[in-house]
>>> print(open('data.cif').read())   # mmCIF, C-alpha atoms
data_run
loop_
_atom_site.label_atom_id
_atom_site.label_comp_id
_atom_site.auth_asym_id
_atom_site.auth_seq_id
_atom_site.Cartn_x
_atom_site.Cartn_y
_atom_site.Cartn_z
CA MET A 1 -2.98 -53.64 35.80
CA ILE A 2 0.60 -54.62 34.95
CA THR A 3 3.02 -52.53 37.00
CA THR A 4 6.51 -52.58 38.45
CA PHE A 5 7.39 -53.27 42.06
CA ALA A 6 8.52 -49.64 42.51
CA ALA A 7 5.34 -48.23 40.95
CA ALA A 8 3.20 -50.50 43.16
CA LEU A 9 4.96 -49.11 46.23
CA ASN A 10 4.39 -45.59 44.94
CA THR A 11 0.67 -46.25 44.55
CA GLY A 12 0.51 -47.86 47.99
CA LEU A 13 2.12 -44.81 49.58
CA ARG A 14 -0.20 -42.52 47.63
CA ARG A 15 -3.27 -44.40 48.87
CA ALA A 16 -1.97 -44.33 52.45
CA MET A 17 -1.52 -40.55 52.23
CA GLU A 18 -4.97 -40.09 50.73
CA ASP A 19 -6.57 -42.23 53.43
CA GLU A 20 -4.81 -40.57 56.37
CA PRO A 21 -3.64 -36.92 56.38
CA LYS A 22 -1.25 -37.68 59.25
CA VAL A 23 0.91 -39.85 56.96
CA VAL A 24 4.11 -37.96 56.07
CA LEU A 25 7.18 -39.11 54.14
CA LEU A 26 10.76 -38.24 55.08
CA GLY A 27 14.03 -39.11 53.38
CA GLU A 28 17.00 -38.05 51.32
CA ASP A 29 16.05 -36.88 47.79
CA ILE A 30 12.53 -38.33 48.01
CA GLY A 31 10.80 -35.09 47.02
CA LYS A 32 11.83 -33.35 43.81
CA LEU A 33 13.94 -36.30 42.69
CA GLY A 34 11.36 -38.90 43.69
CA GLY A 35 13.95 -41.06 45.42
CA VAL A 36 16.97 -42.85 43.99
CA PHE A 37 14.69 -45.66 42.76
CA ARG A 38 11.80 -43.25 41.98
CA VAL A 39 9.53 -44.95 44.51
CA THR A 40 8.22 -41.56 45.71
CA ASP A 41 8.06 -39.98 42.26
CA THR A 42 5.46 -37.14 41.93
CA LEU A 43 4.29 -37.49 45.55
CA GLN A 44 5.79 -34.19 46.66
CA LYS A 45 4.22 -32.44 43.68
CA ASP A 46 0.80 -33.85 44.57
CA PHE A 47 0.92 -33.63 48.39
CA GLY A 48 3.30 -30.74 49.00
CA ASP A 49 6.68 -30.41 50.67
CA ASN A 50 5.15 -30.40 54.15
CA ARG A 51 4.08 -34.03 53.69
CA VAL A 52 6.91 -35.30 51.45
CA ILE A 53 10.01 -33.89 53.10
CA ASP A 54 13.51 -33.81 51.64
CA THR A 55 15.84 -34.25 54.60
CA PRO A 56 19.53 -33.63 55.22
CA LEU A 57 21.93 -36.56 54.73
CA ALA A 58 21.67 -37.67 58.36
CA GLU A 59 19.96 -41.01 59.00
CA SER A 60 20.04 -40.70 62.78
CA GLY A 61 18.40 -37.29 62.51
CA ILE A 62 15.82 -38.53 60.01
CA VAL A 63 14.68 -41.43 62.20
CA GLY A 64 14.90 -39.35 65.38
CA THR A 65 12.71 -36.65 63.84
CA ALA A 66 10.23 -39.22 62.54
CA PHE A 67 10.10 -40.88 65.95
CA GLY A 68 9.22 -37.56 67.56
CA MET A 69 6.53 -36.97 64.95
CA ALA A 70 5.09 -40.44 65.64
CA LEU A 71 4.86 -39.61 69.34
CA ARG A 72 2.90 -36.47 68.39
CA GLY A 73 0.27 -38.39 66.42
CA TYR A 74 1.71 -38.46 62.91
CA ARG A 75 2.37 -41.59 60.88
CA PRO A 76 5.80 -40.99 59.38
CA VAL A 77 7.23 -43.17 56.64
CA VAL A 78 11.02 -42.92 56.48
CA GLU A 79 13.11 -43.91 53.49
CA ILE A 80 16.66 -45.08 54.17
CA GLN A 81 18.23 -44.57 50.76
CA PHE A 82 20.32 -47.77 50.82
CA ASP A 83 20.58 -50.65 53.27
CA GLY A 84 24.17 -49.85 54.23
CA PHE A 85 23.15 -46.35 55.30
CA VAL A 86 20.84 -47.52 58.10
CA TYR A 87 23.60 -48.06 60.65
CA PRO A 88 23.89 -44.41 61.77
CA ALA A 89 20.18 -44.68 62.67
CA PHE A 90 20.56 -48.08 64.36
CA ASP A 91 20.68 -46.61 67.87
CA GLN A 92 17.51 -44.59 67.31
CA ILE A 93 15.67 -47.64 65.98
CA VAL A 94 16.69 -50.29 68.51
CA SER A 95 17.14 -48.10 71.60
CA GLN A 96 14.21 -45.72 71.21
CA VAL A 97 11.68 -46.69 68.53
CA ALA A 98 11.56 -50.38 69.44
CA LYS A 99 11.27 -49.82 73.19
CA ILE A 100 8.83 -46.94 73.69
CA HIS A 101 5.68 -49.08 73.78
CA TYR A 102 7.14 -51.45 76.39
CA ARG A 103 8.86 -48.68 78.34
CA THR A 104 5.57 -46.83 78.82
CA GLY A 105 3.53 -49.90 79.73
CA GLY A 106 1.62 -49.69 76.45
CA LYS A 107 0.57 -46.07 76.89
CA VAL A 108 2.69 -44.66 74.04
CA LYS A 109 2.69 -46.04 70.52
CA ALA A 110 5.10 -45.44 67.64
CA PRO A 111 3.31 -45.72 64.26
CA LEU A 112 6.50 -45.41 62.23
CA THR A 113 7.41 -47.24 59.02
CA ILE A 114 11.07 -47.44 58.00
CA ARG A 115 11.56 -48.37 54.34
CA ILE A 116 14.93 -49.92 53.49
CA PRO A 117 15.97 -51.07 49.98
CA PHE A 118 18.09 -54.15 50.70
CA GLY A 119 20.11 -56.90 49.08
CA GLY A 120 22.33 -57.10 46.03
CA GLY A 121 22.04 -57.88 42.38
CA ILE A 122 22.28 -54.33 40.98
CA GLY A 123 26.06 -54.02 40.65
CA ALA A 124 26.34 -51.29 43.27
CA VAL A 125 29.38 -50.05 45.17
CA GLU A 126 30.29 -50.70 48.81
CA HIS A 127 27.56 -50.09 51.43
CA HIS A 128 24.82 -50.30 48.78
CA SER A 129 24.07 -54.06 48.72
CA GLU A 130 23.74 -55.34 52.26
CA SER A 131 21.26 -57.57 54.10
CA PRO A 132 20.84 -56.17 57.64
CA GLU A 133 17.41 -57.67 58.28
CA VAL A 134 18.43 -60.04 61.07
CA TYR A 135 19.61 -57.15 63.27
CA PHE A 136 16.06 -55.82 63.34
CA ALA A 137 14.30 -59.18 63.46
CA HIS A 138 16.34 -59.86 66.60
CA THR A 139 15.07 -56.65 68.23
CA ALA A 140 11.92 -57.02 70.30
CA GLY A 141 9.37 -54.30 69.63
CA LEU A 142 9.87 -54.10 65.87
CA ARG A 143 7.80 -55.70 63.15
CA VAL A 144 9.95 -56.68 60.16
CA VAL A 145 8.53 -57.55 56.74
CA SER A 146 9.69 -57.94 53.14
CA PRO A 147 7.43 -58.19 50.08
CA SER A 148 8.64 -59.98 46.97
CA THR A 149 6.02 -59.05 44.35
CA PRO A 150 4.38 -55.82 43.14
CA ALA A 151 1.00 -56.91 44.56
CA ASP A 152 2.44 -57.58 48.01
CA ALA A 153 4.46 -54.36 47.84
CA TYR A 154 1.24 -52.40 47.28
CA HIS A 155 -0.79 -54.10 49.98
CA MET A 156 1.93 -54.58 52.59
CA ILE A 157 3.10 -50.96 52.60
CA ARG A 158 -0.48 -49.85 53.26
CA GLN A 159 -0.84 -52.43 56.02
CA ALA A 160 2.45 -51.35 57.58
CA VAL A 161 1.58 -47.65 57.58
CA SER A 162 -1.80 -48.34 59.21
CA LEU A 163 -0.28 -50.12 62.22
CA ASP A 164 0.40 -48.44 65.56
CA ASP A 165 3.70 -50.34 65.90
CA PRO A 166 7.04 -49.55 64.24
CA VAL A 167 7.62 -51.56 61.06
CA VAL A 168 10.94 -52.08 59.31
CA PHE A 169 9.99 -52.59 55.67
CA PHE A 170 12.68 -54.26 53.56
CA GLU A 171 12.35 -53.79 49.81
CA PRO A 172 14.46 -56.07 47.55
CA LYS A 173 16.05 -53.45 45.33
CA ARG A 174 16.87 -55.81 42.46
CA ARG A 175 13.12 -56.47 42.12
CA TYR A 176 12.09 -52.80 41.77
CA TRP A 177 11.75 -53.23 38.00
CA ASP A 178 9.96 -56.58 38.06
CA LYS A 179 6.48 -56.36 36.55
CA ALA A 180 3.30 -58.21 37.48
CA GLU A 181 -0.47 -57.83 37.69
CA VAL A 182 -1.76 -55.71 40.59
CA ASP A 183 -5.41 -55.08 41.41
CA PHE A 184 -5.30 -51.66 43.05
CA HIS A 185 -8.97 -51.91 43.98
CA SER A 186 -8.67 -55.17 45.93
CA GLU A 187 -8.13 -55.77 49.62
CA PRO A 188 -5.12 -57.74 50.93
CA ASP A 189 -5.69 -61.48 50.71
CA LEU A 190 -3.37 -62.19 53.65
CA PRO A 191 -2.60 -60.55 56.99
CA LEU A 192 0.72 -58.70 57.08
CA HIS A 193 2.50 -61.42 59.04
CA LYS A 194 1.25 -64.47 57.14
CA ALA A 195 3.53 -66.48 54.83
CA ARG A 196 2.33 -67.37 51.33
CA VAL A 197 2.50 -70.79 49.69
CA LEU A 198 3.40 -70.00 46.07
CA THR A 199 3.64 -73.48 44.59
CA GLU A 200 2.34 -76.77 46.00
CA GLY A 201 4.77 -79.67 46.22
CA THR A 202 5.35 -83.00 47.92
CA ASP A 203 9.10 -83.74 47.88
CA ALA A 204 10.70 -80.73 49.59
CA THR A 205 9.89 -77.22 50.81
CA VAL A 206 11.94 -74.21 49.75
CA LEU A 207 11.44 -71.12 51.91
CA ALA A 208 12.60 -67.67 50.78
CA TYR A 209 11.84 -63.99 51.21
CA GLY A 210 12.53 -60.71 49.43
CA GLY A 211 14.82 -60.91 46.42
CA THR A 212 15.38 -64.68 46.63
CA VAL A 213 11.73 -65.66 46.15
CA ALA A 214 11.92 -65.37 42.37
CA THR A 215 15.16 -67.38 42.46
CA ALA A 216 13.45 -70.10 44.49
CA LEU A 217 10.58 -70.26 41.99
CA THR A 218 13.06 -70.68 39.14
CA ALA A 219 14.77 -73.50 41.03
CA ALA A 220 11.42 -75.18 41.70
CA LYS A 221 10.53 -75.04 38.00
CA ILE A 222 13.83 -76.68 37.05
CA ALA A 223 13.34 -79.32 39.75
CA GLY A 224 9.89 -80.06 38.38
CA GLU A 225 11.36 -80.67 34.93
CA GLU A 226 13.68 -83.19 36.60
CA GLY A 227 10.76 -84.95 38.26
CA ASN A 228 10.94 -83.44 41.74
CA SER A 229 7.92 -81.69 43.30
CA ILE A 230 8.97 -78.57 45.25
CA GLU A 231 6.73 -76.46 47.47
CA VAL A 232 7.84 -72.81 47.54
CA ILE A 233 6.88 -70.50 50.41
CA ASP A 234 7.36 -66.73 50.51
CA LEU A 235 7.97 -65.92 54.19
CA ARG A 236 6.91 -62.24 53.80
CA SER A 237 7.16 -61.54 57.56
CA LEU A 238 10.54 -61.85 59.25
CA SER A 239 9.28 -60.86 62.68
CA PRO A 240 6.95 -62.20 63.83
CA LEU A 241 7.48 -65.47 61.96
CA ASP A 242 4.60 -67.50 60.55
CA VAL A 243 6.02 -70.81 61.71
CA ASP A 244 2.64 -72.56 61.39
CA THR A 245 2.54 -72.26 57.59
CA VAL A 246 6.12 -73.45 57.22
CA ALA A 247 5.63 -76.33 59.67
CA ALA A 248 2.49 -77.50 57.87
CA SER A 249 4.45 -77.66 54.64
CA VAL A 250 7.40 -79.50 56.18
CA ASP A 251 5.06 -82.00 57.85
CA LYS A 252 3.93 -82.84 54.31
CA THR A 253 7.25 -82.78 52.42
CA GLY A 254 9.64 -83.88 55.16
CA ARG A 255 12.39 -81.58 53.90
CA LEU A 256 13.22 -77.87 54.13
CA VAL A 257 15.71 -75.62 52.35
CA ILE A 258 15.88 -71.99 53.53
CA VAL A 259 17.19 -69.31 51.17
CA HIS A 260 18.30 -65.75 51.90
CA GLU A 261 20.93 -63.32 50.63
CA ALA A 262 22.37 -62.56 54.06
CA PRO A 263 25.29 -64.68 55.31
CA VAL A 264 24.19 -68.07 56.60
CA PHE A 265 26.07 -67.66 59.90
CA ALA A 266 23.59 -66.48 62.58
CA GLY A 267 21.16 -65.47 59.84
CA LEU A 268 17.37 -65.66 59.93
CA GLY A 269 17.57 -69.15 58.44
CA ALA A 270 19.22 -70.41 61.63
CA GLU A 271 16.23 -69.36 63.74
CA ILE A 272 13.77 -70.88 61.31
CA ALA A 273 15.79 -74.10 61.12
CA ALA A 274 15.80 -74.39 64.92
CA ARG A 275 12.06 -73.80 65.21
CA ILE A 276 11.19 -76.24 62.44
CA THR A 277 13.47 -78.89 63.89
CA GLU A 278 11.65 -78.54 67.21
CA ARG A 279 8.19 -78.54 65.66
CA CYS A 280 8.66 -81.10 62.90
CA PHE A 281 11.37 -83.42 64.22
CA TYR A 282 9.41 -86.62 63.65
CA HIS A 283 8.35 -85.56 60.15
CA LEU A 284 11.80 -84.52 58.90
CA GLU A 285 13.43 -86.93 56.46
CA ALA A 286 16.64 -84.86 56.23
CA PRO A 287 18.39 -82.04 58.08
CA VAL A 288 17.12 -78.51 57.43
CA LEU A 289 19.56 -76.88 55.00
CA ARG A 290 20.37 -73.23 54.40
CA VAL A 291 21.51 -71.47 51.23
CA GLY A 292 22.73 -67.91 51.64
CA GLY A 293 25.50 -65.43 51.27
CA TYR A 294 29.00 -66.26 52.41
CA ASP A 295 30.48 -65.04 55.69
CA ILE A 296 32.29 -62.10 54.09
CA PRO A 297 31.69 -58.40 53.56
CA TYR A 298 29.57 -57.95 50.45
CA PRO A 299 31.91 -58.49 47.49
CA PRO A 300 32.66 -56.10 44.62
CA ALA A 301 29.95 -55.86 41.98
CA LYS A 302 31.79 -58.06 39.48
CA LEU A 303 31.81 -60.91 42.00
CA GLU A 304 28.31 -60.62 43.45
CA LYS A 305 26.88 -63.32 41.16
CA HIS A 306 29.12 -65.80 42.99
CA HIS A 307 27.89 -64.54 46.38
CA LEU A 308 24.14 -64.46 45.83
CA PRO A 309 22.11 -67.69 46.00
CA ASP A 310 21.22 -68.89 42.52
CA PRO A 311 19.06 -71.77 41.25
CA ASP A 312 22.07 -74.11 41.03
CA ARG A 313 22.93 -73.64 44.70
CA ILE A 314 19.30 -74.09 45.74
CA LEU A 315 18.96 -77.24 43.61
CA ALA A 316 22.18 -78.62 45.06
CA ALA A 317 20.69 -78.25 48.56
CA VAL A 318 17.43 -79.87 47.41
CA ASP A 319 19.40 -82.79 45.98
CA ARG A 320 21.20 -83.23 49.29
CA CYS A 321 17.83 -83.32 51.08
CA LEU A 322 16.37 -85.83 48.67
CA ALA A 323 19.44 -88.07 48.92
CA ALA A 324 19.35 -88.20 52.73
#
>>> encode(input="data.cif", output="structure tokens")
Amino acid sequence: MITTFAAALNTGLRRAMEDEPKVVLLGEDIGKLGGVFRVTDTLQKDFGDNRVIDTPLAESGIVGTAFGMALRGYRPVVEIQFDGFVYPAFDQIVSQVAKIHYRTGGKVKAPLTIRIPFGGGIGAVEHHSESPEVYFAHTAGLRVVSPSTPADAYHMIRQAVSLDDPVVFFEPKRRYWDKAEVDFHSEPDLPLHKARVLTEGTDATVLAYGGTVATALTAAKIAGEEGNSIEVIDLRSLSPLDVDTVAASVDKTGRLVIVHEAPVFAGLGAEIAARITERCFYHLEAPVLRVGGYDIPYPPAKLEKHHLPDPDRILAAVDRCLAA
């Protein structure tokens, strides 16, 4: 079935609620409105307002309430309306949610999924186009993932909700309207924390996640027309990292370009670059390069096309690798 990224998420949440009556959804305007991006459309009508709960505009209260529900045996799924709105809930997530399992010696679990639309590309105003993923990937006790396709959106949200650990689930908002084939009757073909090799190549590896995966695929296609063979990997899981899949690719190609929307400085790409340099030092033919956002607050909408990685910037990094 051809469906959008947002509709695939909706179906994944619906299946999770059908499979487990303890799954409840909480968030601002997710009920009658169906969410700003309509990801939860019709779910309140079908499951009732005791399972799809419209909350006050208070992110700290939303996550705190969901955390308490998780401790009482529910499986809450929280929607943070936009990435820039998560910061009021940051203390709840990193100080409480992430630590409860360790603090109790494994006796208490927190099966809580926190959905966050993230990244730019939609021409939004301030606080609506951020990339805060590295804050959470840095925090021990949290699983952090980001699908890039409708099929992965459907399967990964179900996998996340079924876990007994807290999951921060980053959804690339500029991909909500992307369409692709999804088999809603299939089982996931990969574990939640496994990276996916999208295209095989021999000259260089390009690693991306979330909204930049489609950009990386476009760059790889252009490179192929120029005679260069690029292997593209969708990271999918930001914490834990599937370093093995990336290392196997780099051992073959000898080159790695990492792409993400967040600023390059202290971004996730820096951690990946360090790990790959350690693992693949004798196979690397060039330094690991990173292509990302600039070290500035997210720019006004009219300027975001200059801030976001595009195929030209990715290809420029590939050319630098190949010339080394």
>>> closest_residue(input="data.cif", among="A:Phe184, A:Phe90, A:Trp177, A:Tyr102", to="Pro132 (chain A)", atoms="only C-alpha atoms")
A:Phe90
>>> residues_around(input="data.cif", residues="Gln96 (chain A)", least_positions_apart="4", cutoff="12 Å", atoms="all atoms listed in the file", output="list in words")
Ser60, Val63, Gly64, Thr65, Ala66, Phe67, Gly68, Ala70, Leu71, Ala89, Phe90, Asp91, Gln92, Ile100, His101, Tyr102, Arg103, Thr104, Val108, Lys109, Ala110, Leu112, Thr139, Ala140, Gly141, Leu142 and Pro166 of chain A
>>> residues_around(input="data.cif", residues="Val145 (chain A)", least_positions_apart="3", cutoff="7 Å", atoms="only C-alpha atoms", output="ChimeraX atom specification")
/A:168-170,236-239
>>> residues_around(input="data.cif", residues="Val39 (chain A)", least_positions_apart="4", cutoff="6 Å", atoms="only C-alpha atoms", output="PyMOL selection string")
chain A and resi 6+10+35
>>> resolve_selection(input="data.cif", expression="the PyMOL selection byres ((chain A and resi 131) around 8)", output="JSON, numbers by chain")
{"A": [83, 118, 119, 129, 130, 132, 133, 134, 261, 262]}
>>> closest_residue(input="data.cif", among="A:Lys99, A:Arg115, A:Arg143, A:Lys179", to="Val77 (chain A)", atoms="all atoms listed in the file")
A:Arg115
>>> residues_around(input="data.cif", residues="Gly254 (chain A)", least_positions_apart="3", cutoff="9 Å", atoms="all atoms listed in the file", output="PyMOL selection string")
chain A and resi 202-205+249-251+280+282-286
>>> write_last_selection(input="data.cif", atoms="C-alpha atoms", output="short mmCIF file (atom, residue, chain, number, x, y, z; two decimals), in the coordinates of the input")
data_model
loop_
_atom_site.label_atom_id
_atom_site.label_comp_id
_atom_site.auth_asym_id
_atom_site.auth_seq_id
_atom_site.Cartn_x
_atom_site.Cartn_y
_atom_site.Cartn_z
CA THR A 202 5.35 -83.00 47.92
CA ASP A 203 9.10 -83.74 47.88
CA ALA A 204 10.70 -80.73 49.59
CA THR A 205 9.89 -77.22 50.81
CA SER A 249 4.45 -77.66 54.64
CA VAL A 250 7.40 -79.50 56.18
CA ASP A 251 5.06 -82.00 57.85
CA CYS A 280 8.66 -81.10 62.90
CA TYR A 282 9.41 -86.62 63.65
CA HIS A 283 8.35 -85.56 60.15
CA LEU A 284 11.80 -84.52 58.90
CA GLU A 285 13.43 -86.93 56.46
CA ALA A 286 16.64 -84.86 56.23
#
>>> atom_distance(input="data.cif", atom1="CA of Met69 (chain A)", atom2="CA of Thr42 (chain A)")
23.0 Å
>>> atom_distance(input="data.cif", atom1="CA of His260 (chain A)", atom2="CA of Leu308 (chain A)")
8.5 Å
